[in-house]
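Asks: I have a structure I would like to understand better, so I am pasting it below and will then ask my questions one at a time.
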Amino acid sequence: MAGTREPRTETHGQSIAFRVNGRAVVVSSSPLQRLSRVLREELGLTGTKVGCDAGDCGACTVLLDGDPVCACLVAAGQVEGCEVTTVEGLADTNVGGRLQRAFLTHGAAQCGACTPGMLLAATALLERNAAPQENDVMDAIGGVLCRCTGYRKIIAAIVDAAVKNAGVEDTGSAASTAISPEAGAAVGQRLVRLDGKQKVDGSEIFGADETPASALAVRAIRSPYHRARFHFGDLAAFVRDHPGIEAVFTAKDVPGKNCYGVISKFADQPVFAEDEARHRGEAVAAVVGDAATVEALEVTDFPVSWEELPPLKDIEAALATGARLIHESRPDNVLVRGRVSRGDVDEALDAADVVVTAEYETGFIEHAYIEPEAGFARRVGDRIEIQACTQSPYMDRSDIAAILGIAPERVRIIPTAVGGGFGSKLDLSVQPFLAVAAWHLGKPVRMVYSRTESIVSTTKRHPARMRLRGGCSKNGKLAALDFSADFNTGAYSSWGPTVSARVPVHASGPYYVPHYRALTRAVHTNLVPAGAFRGFGVPQAAIAQEQLYDELADRVRMDRLEFRILNALDDHTPTVTGQVLGEGVGIRACLEALRPKWKAARRDAAEFNSNAAGALRRGVGVAGMWYGCGNTSLPNPSTVRIGLKRDGRIALHQGAVDIGQGSNTIVTQICADALGAPIERFDLISGDTSITPDCGKTSASRQTLVTGKASQMAGEKLRCAILKLAGACDCATVLFNDGGVTVRDGDKSHALALRDLPLDEHGYVITSEATFDPPTSPLDENGQGVPYAVFGFGAHMAEIEVDKELGTVRVLKVTAAHDVGRAINPTLIEGQIEGGVAQGLGMALMEEFFPGKGENLHDYLIPSAGDIPPVESILIEDPSPIGPFGAKGIGEQAVIPTAPAILNALHDAIGIRVRKIPATPDRVRAAILAARKEKEKEKVDARG
Ligand code: FES
Ligand code: FES
């Protein structure tokens, strides 16, 4: 640590008077300060979110004299004498209150980070247009980005609120929007999410929304180069010469191991780089001081000199013979290899009637959640507490303990609400810097990533380079698939091993492929680490395999949907790892559910095209999907604890972090029915490592299956314990009421006076705890075994319109059939599907991140409301014998088949395949021109 100093207190600014939510306020602020900052930091109105500070995301939308504005672009001086409305003021207004209720009933808030901005934009619309059409709504919210919902439920909620606004009956208070199912009947209900109210009223606490008043600010100094050697100057003098700066920390100040990683065997990422930065955005030091000073610091003032070194930027360069090693211990720059092999692929391909080969490439994709990483830490005696946004509190605890060199029990992780994660918030971000600073200084510290910092330093979806060769018989039966892929895993391992292991298991798609070989490599480069992003590489593989299957179907002149139905896995056919699932294989049902819609859509597209005179052509595409829930052949248990309290309420300790997908609600629904108690009886205790057992990470579509199953088991155990206490039989009914429990056993009724019973070590009258770990087995050297206990299945159909002159693609509709085993909460499942469709659409057509370029939400485009078509969800329930009430996961499943369905539709429309994804207009146009040229050449050749 380079020097310490007492914090400087400095106030400057002028008085600015305005009204907020009908209340007169006066703040002392620089007139140039952002209004968003004044609202959040001066007035404590943290419902206004900051996603970019640049006018790109719309999360900070407020009303200024009734008009929607981005509060991050409005200077405080501009609001003198004005009326500002924030989300906190909406409940008191007719329109705002209706919108909040409609958002709840429609499931329009998932993570909730965009919700305040959406609500304000919608309020402004309804105040000036009481009966807007869908297009008006899309225009009104077009400037507010949502990464979770796919916008359709938001649009529906706003239209619905408008109908009610126009005089049709209202749903009443926010509380009255919740369905209150009978005890034992919660599963299957469209229950309003239990954490929904705080998302619509602005009181939800995200990473940047809470901090001790005296917290110092932490700012990382990061490499501006993809690869660079660096040397520090006089850090002590820097601290001395900068009033307001308290300390600078570097690798030397890490008390334990300067190394962490989500998979301990492959951990390789330093908190602070030592001597050489391996990627642009890697931290080399952290500056700590009062917020104003730290924020105003010119990075160029920091005493570090950089020596830029030649980086390895792509897979080819990293694999080239003699390429420099990014990690000495990893030969050929290969982090890890994956393999699944079954049968004799070469022989089967030789014997196949038809063989098709193909290559596809995909790029980095940014998660672009609306909430940048943020949190605070404080040292409490010999313990450290970190409150931050995270998807994996217990994994964070282990890594922070190792970084500080202390026992895990001395680390407390308190997850905040997470404003979108999609896999990236599984990895540490702000936490190590906060931990090191708070540990040394003994003072609370806070860190909030800027959007650029979030983009340059956090993980991305792996770019993939895929080659495949597949064959089938002339009647369309798949014979063999030979698949290989290299994934650019960037400078550090993150989830590279998981991607390499998961893709070979899934690259067949949900079909019976008797002869199969899939080989993968995760390859290091000097780029930002790639990690987990909804699907762990499977969405990339599906882009390749599903397009190849279309080509095979075409070659044998078979309908592309029927080709898939013919080859679909069923309960008794072995998968490519030799696993026979026995029950719950719903892929055929999903594909068959699409059949009537497929026929109608194909007919409509053909009719449109036969009459088309201009540049527009329509196409229809389909793709199938399967996805194993949970870790690949590795233990991933969840433990749930529930306690019966003396007042008759039930404490549910479930540590599954709800990142918007709805686990708080789903897990409670499952537990409630297992116990036979009404939902209203439950008090939810989430995620805090000091008070909640480990429910693992929120990833791999595992929480409904694994934590849900643990909560079902814990609920059943508690019911048994209550019956035992009452001396009643298994068939007795348990009634929960205020202050007690009544057990009805035939004509006998037994009231348990809970207040008179002793409390156990957890402080409950009865505690029940259960652990579930899905049964899997290790894969052998050929990848044979049982990688997952449960798979989800699905198929998407995309209808699109292409402009052949511009190369633009408009998606007109997506129909999504998913086998979810049991739809615990159909509204939340539809929300996952619609959000997955939106991310898949972005992946297919617009999203690609280039490290070093466009590190903001202005240049990195994600779909906005106007890009998203109607989505029809078809829920198939082919129960899993293992999942709670038969349920399977849906989180990643929803994203996988969208991009290949769109890309197949593109080929259907105009006969081209874009080999480098996304199929942006320039690439589509280039492919059209190349195809034209090829045709002309063929004609010339034919002439002679
Ligand atoms: S924070 Fe203001 S537009 Fe993103
Ligand atoms: S709900 Fe819109 S960003 Fe998460």
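So you can find residues: chains in the structure tokens are A, B, ... in the order shown, residues in each start at 1, and ligands are numbered from 1 in order.
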At a cut-off of 12 Å, can you tabulate as a Markdown table every residue of stretch 46-115 of chain A near stretch 654-658 of chain A together with its closest atom pair and the distance in Å to one decimal, using only C-alpha atoms and ordering rows by chain then number?
Replies:
| residue | atom | partner | partner_atom | distance |
| --- | --- | --- | --- | --- |
| A:Gln110 | CA | A:Asp658 | CA | 9.3 |
| A:Cys111 | CA | A:Asp658 | CA | 8.0 |
| A:Gly112 | CA | A:Asp658 | CA | 11.1 |
Asks: Take the selection from the previous step and output its residues with C-alpha atoms, as a compact mmCIF listing (two decimals), in the first residue's frame.
Replies:
# COMPACT_ATOMS: atom_id res chain seq x y z
CA GLN A 110 -37.46 -9.27 -14.61
CA CYS A 111 -34.22 -7.99 -13.14
CA GLY A 112 -35.87 -4.60 -12.80
Asks: Using only C-alpha atoms and all ligand atoms, what table do you get, as a Markdown table, when you list each residue of chain A with an atom no more than 6 Å from ligand 1, its nearest pair of atoms, and their distance in Å rounded to one decimal, rows by chain then rising number?
Replies:
| residue | atom | partner | partner_atom_place_in_ligand_line | distance |
| --- | --- | --- | --- | --- |
| A:Val50 | CA | ligand 1 | 1 (S) | 3.8 |
| A:Gly51 | CA | ligand 1 | 1 (S) | 4.2 |
| A:Cys52 | CA | ligand 1 | 4 (Fe) | 3.9 |
| A:Asp53 | CA | ligand 1 | 1 (S) | 4.1 |
| A:Ala54 | CA | ligand 1 | 3 (S) | 5.4 |
| A:Gly55 | CA | ligand 1 | 3 (S) | 3.3 |
| A:Asp56 | CA | ligand 1 | 3 (S) | 4.5 |
| A:Cys57 | CA | ligand 1 | 4 (Fe) | 3.9 |
| A:Gly58 | CA | ligand 1 | 3 (S) | 3.9 |
| A:Ala59 | CA | ligand 1 | 4 (Fe) | 5.2 |
| A:Cys60 | CA | ligand 1 | 2 (Fe) | 4.5 |
| A:Cys70 | CA | ligand 1 | 2 (Fe) | 5.0 |
| A:Ala71 | CA | ligand 1 | 2 (Fe) | 5.8 |
| A:Cys72 | CA | ligand 1 | 2 (Fe) | 4.3 |
Asks: Keeping N, CA, C and O atoms, export the residues of the selection given above as a PDB file, in the first residue's frame.
Replies:
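Below you can see again.pdb, which holds the result:
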ATOM      1  N   VAL A  50     -28.570   4.111 -13.311  1.00  0.00           N
ATOM      2  CA  VAL A  50     -27.553   4.613 -14.242  1.00  0.00           C
ATOM      3  C   VAL A  50     -26.910   3.406 -14.924  1.00  0.00           C
ATOM      4  O   VAL A  50     -26.253   2.589 -14.283  1.00  0.00           O
ATOM      5  N   GLY A  51     -27.127   3.308 -16.226  1.00  0.00           N
ATOM      6  CA  GLY A  51     -26.569   2.176 -16.956  1.00  0.00           C
ATOM      7  C   GLY A  51     -25.426   2.549 -17.867  1.00  0.00           C
ATOM      8  O   GLY A  51     -24.686   1.679 -18.330  1.00  0.00           O
ATOM      9  N   CYS A  52     -25.292   3.856 -18.159  1.00  0.00           N
ATOM     10  CA  CYS A  52     -24.234   4.203 -19.119  1.00  0.00           C
ATOM     11  C   CYS A  52     -23.672   5.605 -18.919  1.00  0.00           C
ATOM     12  O   CYS A  52     -22.576   5.890 -19.366  1.00  0.00           O
ATOM     13  N   ASP A  53     -24.464   6.511 -18.312  1.00  0.00           N
ATOM     14  CA  ASP A  53     -24.037   7.905 -18.147  1.00  0.00           C
ATOM     15  C   ASP A  53     -23.762   8.576 -19.494  1.00  0.00           C
ATOM     16  O   ASP A  53     -22.928   9.480 -19.582  1.00  0.00           O
ATOM     17  N   ALA A  54     -24.422   8.105 -20.532  1.00  0.00           N
ATOM     18  CA  ALA A  54     -24.109   8.642 -21.859  1.00  0.00           C
ATOM     19  C   ALA A  54     -25.329   8.793 -22.754  1.00  0.00           C
ATOM     20  O   ALA A  54     -25.185   9.032 -23.947  1.00  0.00           O
ATOM     21  N   GLY A  55     -26.510   8.613 -22.198  1.00  0.00           N
ATOM     22  CA  GLY A  55     -27.712   8.776 -23.019  1.00  0.00           C
ATOM     23  C   GLY A  55     -28.024   7.592 -23.909  1.00  0.00           C
ATOM     24  O   GLY A  55     -28.876   7.684 -24.786  1.00  0.00           O
ATOM     25  N   ASP A  56     -27.363   6.442 -23.687  1.00  0.00           N
ATOM     26  CA  ASP A  56     -27.553   5.304 -24.584  1.00  0.00           C
ATOM     27  C   ASP A  56     -28.567   4.274 -24.096  1.00  0.00           C
ATOM     28  O   ASP A  56     -29.159   3.569 -24.908  1.00  0.00           O
ATOM     29  N   CYS A  57     -28.732   4.132 -22.779  1.00  0.00           N
ATOM     30  CA  CYS A  57     -29.540   3.004 -22.286  1.00  0.00           C
ATOM     31  C   CYS A  57     -30.931   3.411 -21.817  1.00  0.00           C
ATOM     32  O   CYS A  57     -31.829   2.573 -21.755  1.00  0.00           O
ATOM     33  N   GLY A  58     -31.120   4.657 -21.437  1.00  0.00           N
ATOM     34  CA  GLY A  58     -32.441   5.114 -21.000  1.00  0.00           C
ATOM     35  C   GLY A  58     -32.829   4.688 -19.599  1.00  0.00           C
ATOM     36  O   GLY A  58     -33.928   4.993 -19.136  1.00  0.00           O
ATOM     37  N   ALA A  59     -31.938   3.978 -18.887  1.00  0.00           N
ATOM     38  CA  ALA A  59     -32.286   3.517 -17.539  1.00  0.00           C
ATOM     39  C   ALA A  59     -32.556   4.674 -16.594  1.00  0.00           C
ATOM     40  O   ALA A  59     -33.283   4.537 -15.612  1.00  0.00           O
ATOM     41  N   CYS A  60     -31.975   5.828 -16.885  1.00  0.00           N
ATOM     42  CA  CYS A  60     -32.087   6.982 -15.989  1.00  0.00           C
ATOM     43  C   CYS A  60     -33.269   7.882 -16.357  1.00  0.00           C
ATOM     44  O   CYS A  60     -33.350   9.018 -15.862  1.00  0.00           O
ATOM     45  N   CYS A  70     -33.274  11.806 -20.331  1.00  0.00           N
ATOM     46  CA  CYS A  70     -32.231  11.008 -19.689  1.00  0.00           C
ATOM     47  C   CYS A  70     -31.593  11.871 -18.612  1.00  0.00           C
ATOM     48  O   CYS A  70     -30.938  12.882 -18.926  1.00  0.00           O
ATOM     49  N   ALA A  71     -31.787  11.483 -17.359  1.00  0.00           N
ATOM     50  CA  ALA A  71     -31.279  12.310 -16.266  1.00  0.00           C
ATOM     51  C   ALA A  71     -29.755  12.393 -16.278  1.00  0.00           C
ATOM     52  O   ALA A  71     -29.178  13.317 -15.713  1.00  0.00           O
ATOM     53  N   CYS A  72     -29.088  11.457 -16.928  1.00  0.00           N
ATOM     54  CA  CYS A  72     -27.630  11.522 -16.983  1.00  0.00           C
ATOM     55  C   CYS A  72     -27.150  12.593 -17.960  1.00  0.00           C
ATOM     56  O   CYS A  72     -25.982  12.966 -17.937  1.00  0.00           O
TER      57      CYS A  72
END
Asks: Mind checking which residues fall within 10 Å of A:Asp332, counting only C-alpha atoms, ignoring those fewer than 4 positions away in the same chain, and posting them as a ChimeraX atom specification?
Replies: /A:318-328,523-524
Asks: Could the residues in this selection be saved with C-alpha atoms as a compact mmCIF listing (two decimals), in the first residue's frame?
Replies:
# COMPACT_ATOMS: atom_id res chain seq x y z
CA ALA A 318 -2.43 -18.15 -30.89
CA LEU A 319 -2.31 -21.66 -32.40
CA ALA A 320 0.41 -20.87 -34.95
CA THR A 321 3.54 -22.97 -34.63
CA GLY A 322 5.99 -21.26 -32.36
CA ALA A 323 3.46 -18.72 -31.08
CA ARG A 324 4.45 -17.09 -27.81
CA LEU A 325 2.75 -18.70 -24.81
CA ILE A 326 0.32 -16.50 -22.90
CA HIS A 327 0.57 -18.84 -19.90
CA GLU A 328 3.84 -20.77 -19.69
CA VAL A 523 -7.55 -21.14 -26.90
CA HIS A 524 -5.86 -18.27 -25.06
Asks: Find the residues of chain A that sit at most 6 Å from ligand 2; for each, write down the nearest two atoms and how far apart they are in Å, to one decimal. Count only C-alpha atoms and all ligand atoms. Sort by chain, then by number going up, and give it as a Markdown table.
Replies:
| residue | atom | partner | partner_atom_place_in_ligand_line | distance |
| --- | --- | --- | --- | --- |
| A:Ala109 | CA | ligand 2 | 1 (S) | 4.7 |
| A:Gln110 | CA | ligand 2 | 1 (S) | 4.0 |
| A:Cys111 | CA | ligand 2 | 4 (Fe) | 3.9 |
| A:Gly112 | CA | ligand 2 | 1 (S) | 4.3 |
| A:Ala113 | CA | ligand 2 | 3 (S) | 5.0 |
| A:Cys114 | CA | ligand 2 | 2 (Fe) | 4.3 |
| A:Thr115 | CA | ligand 2 | 2 (Fe) | 5.9 |
| A:Cys146 | CA | ligand 2 | 2 (Fe) | 3.7 |
| A:Arg147 | CA | ligand 2 | 3 (S) | 4.4 |
| A:Cys148 | CA | ligand 2 | 4 (Fe) | 4.3 |
| A:Thr149 | CA | ligand 2 | 1 (S) | 5.6 |
| A:Ile370 | CA | ligand 2 | 3 (S) | 5.3 |
| A:Gly419 | CA | ligand 2 | 4 (Fe) | 5.8 |
| A:Gly420 | CA | ligand 2 | 4 (Fe) | 5.4 |
Asks: Using DSSP on the backbone, list every residue of stretch 455-528 of chain A that comes out as strand (DSSP E), and give them as a ChimeraX atom specification.
Replies: /A:464-472,478-490,515-524
Asks: Using only C-alpha atoms, determine which residues lie at most 7 Å from A:Leu903, disregarding the query and same-chain residues fewer than 4 positions distant; provide the list as a VMD selection string.
Replies: chain A and resid 844 899 907
Asks: Show which residues sit within 7 Å of stretch 574-580 of chain A, as a ChimeraX atom specification. Count only C-alpha atoms, and ignore same-chain residues fewer than 3 positions away.
Replies: /A:340,342,505,512-513,516,571,783-786
Asks: Determine the nearest neighbour of A:Tyr394 from the options A:Gly423, A:Pro372, A:Gly696, A:Pro637, counting only C-alpha atoms.
Replies: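 Checking each of A:Gly423, A:Pro372, A:Gly696, A:Pro637 against A:Tyr394, counting only C-alpha atoms, the winner is A:Gly696.
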Asks: Give the alpha helix (DSSP H) residues of stretch 517-721 of chain A, as assigned by DSSP on the backbone, as a ChimeraX atom specification.
Replies: /A:538-555,560-567,587-611,663-675,708-721
